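Chemist: Structure provided below as structure tokens; questions to follow.
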Amino acid sequence: LNPNTSLLYLEGFSFRADIVVPLFLFFLTIYFGIVIGNTAVMRVIIVNRNLHEPMYILLCNMSVCDLIGSTALLPRLMADLFEEVKPISFEPCVIQAFCIHFYGTASQLILTVMAYDRYIAICDPLRYTSILTGTALIKLCSFAWGGAFILITILIGLTARLPRCGTKIFLIFCNNPSLFSLSCVDTTLNNIYGLFIAYLLSSLSFATIVWTYSKILYTCLIKSDNRTKRKRKAIHTCATHLTVYIFYEVIVLFTVIAQRYPSTNTNIRNSIGILIMITSPLLNPIIYGINTKEIRRNEPILGRVPTHRRTHTNTPSTH
């Protein structure tokens, strides 16, 4: 085979014929769950004007991001289950790699912005609406989406320019390390830039989380006069967001380690890659939707709760 051909081959899992259909149904159920859950969150936020507030708009952005990531992986994965040989053209492979890395980067940046939103809402509630104005929210969302787009465009652009000496990708999907591993020239720059993005995003999000939640806990546990109520709100707010953040960062850590060590078992790398692409999109609507009473109240799919007594507050509630 000509290594410079536009046709590549995915060397993913090999399954017995008798489990292909059950596995297809499993992934199909997961994908439907992701689409239904995230679409439900988006619908209830878009339809209800009382939810047109920064926290809910950021949740809507997270749902869009989750749909991008899962759609970049699962439809192709399900189709490949029935193929003995899994060919993919170079261009679709690059597009899939871009979408997968774009999803991961945007998710981290949106989680970082959400931490800042919670900090303002709890530590400076009287100025919440004046600080997080429509313009400020647009800037924050542009930072998350625009930053991810620029970083990943450079990442994939550096890889796409490389000459190829191989045609086999030893993963069940395309990503940046698997693409530049096909090259027959030095890829030090690609490795350095990839690690730079990983460390930059992890450091930025970790520093923001530590700073904002330290301020939140200080405000609620020390400065607050009504300590019991504020403590309960702080713990719940922190727990919901930190659950998603920590879970996501742990998977990202294992993904980076697995991708940077080619000797890692292919099945393990495949499993970790699939895990990060489906777990967060599947759990986010549950963690955020069910734990946010305004969304529960308006969306039966996520669990309706009694609404006989409703209070209005200046800042969104997450308990």
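Residues in the structure tokens are named by chain (A, B, ... in the order shown) and by number from 1 within that chain; ligands are numbered from 1 in the order shown.
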Skipping near chain neighbours, those fewer than 3 positions away, what residues fall within 9 Å of range 111-113 of chain A using only C-alpha atoms, listed as a ChimeraX atom specification?
Modeler: /A:58,62,106-108,116-118,140-141,143-144,204-206,208-209,241,244-245
Chemist: Per residue of range 52-130 of chain A within 6 Å of range 5-16 of chain A, what are the shortest atom pair and its distance in Å to one decimal, counting only C-alpha atoms, with rows by chain and residue number, as CSV?
Modeler:
```
residue,atom,partner,partner_atom,distance
A:Lys86,CA,A:Leu10,CA,5.3
A:Pro87,CA,A:Tyr9,CA,4.4
A:Ile88,CA,A:Leu8,CA,5.2
A:Ser89,CA,A:Leu7,CA,4.4
A:Phe90,CA,A:Ser6,CA,4.9
```
Chemist: Need the shell around Ile152 in chain A: protein/DNA/RNA residues with any atom at most 7 Å away, counting only C-alpha atoms. Skip same-chain ones fewer than 6 positions apart. Format as a PyMOL selection string?
Modeler: chain A and resi 98+101-102
Chemist: Which neighbours of Tyr193 in chain A fall inside 10 Å, counting only C-alpha atoms, when residues of the same chain fewer than 3 positions from it are skipped, and could you give them as a PyMOL selection string?
Modeler: chain A and resi 151+154-155+158+188-190+196-199
Chemist: From a backbone DSSP assignment, name each residue in range 45-187 of chain A labelled strand (DSSP E or B), as a ChimeraX atom specification.
Modeler: /A:87-89,164,168-169,183
Chemist: For the selection just defined, write its residues with N, CA and C atoms to a file, as a PDB file, in the first residue's frame.
Modeler:
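Listed below is the output, again-v8.pdb:
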```pdb
ATOM      1  N   PRO A  87     -11.795   0.997   7.075  1.00  0.00           N
ATOM      2  CA  PRO A  87     -11.104   2.073   6.357  1.00  0.00           C
ATOM      3  C   PRO A  87     -11.735   3.424   6.665  1.00  0.00           C
ATOM      4  N   ILE A  88     -10.922   4.464   6.640  1.00  0.00           N
ATOM      5  CA  ILE A  88     -11.407   5.833   6.813  1.00  0.00           C
ATOM      6  C   ILE A  88     -10.494   6.753   6.014  1.00  0.00           C
ATOM      7  N   SER A  89     -11.075   7.651   5.274  1.00  0.00           N
ATOM      8  CA  SER A  89     -10.281   8.600   4.501  1.00  0.00           C
ATOM      9  C   SER A  89      -9.563   9.562   5.433  1.00  0.00           C
ATOM     10  N   ARG A 164       3.131  11.193   5.577  1.00  0.00           N
ATOM     11  CA  ARG A 164       2.763   9.946   6.244  1.00  0.00           C
ATOM     12  C   ARG A 164       3.537   8.760   5.675  1.00  0.00           C
ATOM     13  N   LYS A 168      -1.995   2.571   9.208  1.00  0.00           N
ATOM     14  CA  LYS A 168      -2.754   1.916  10.268  1.00  0.00           C
ATOM     15  C   LYS A 168      -2.772   2.769  11.538  1.00  0.00           C
ATOM     16  N   ILE A 169      -3.984   3.021  12.032  1.00  0.00           N
ATOM     17  CA  ILE A 169      -4.185   3.731  13.293  1.00  0.00           C
ATOM     18  C   ILE A 169      -4.615   2.702  14.319  1.00  0.00           C
ATOM     19  N   SER A 183       3.544   9.578  10.823  1.00  0.00           N
ATOM     20  CA  SER A 183       4.530  10.373  10.095  1.00  0.00           C
ATOM     21  C   SER A 183       5.888   9.689  10.061  1.00  0.00           C
TER      22      SER A 183
END
```
Chemist: Mind giving me the straight-line distance from CA of Leu182 in chain A to CA of Gly157 in chain A in Å, one decimal?
Modeler: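 CA of Leu182 in chain A sits 14.8 Å away from CA of Gly157 in chain A.
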Chemist: Out of A:Ile57, A:Met78, A:Cys165, A:Ile251, which residue has the shortest atom-to-atom distance to Gly134 in chain A when counting only C-alpha atoms?
Modeler: A:Ile57
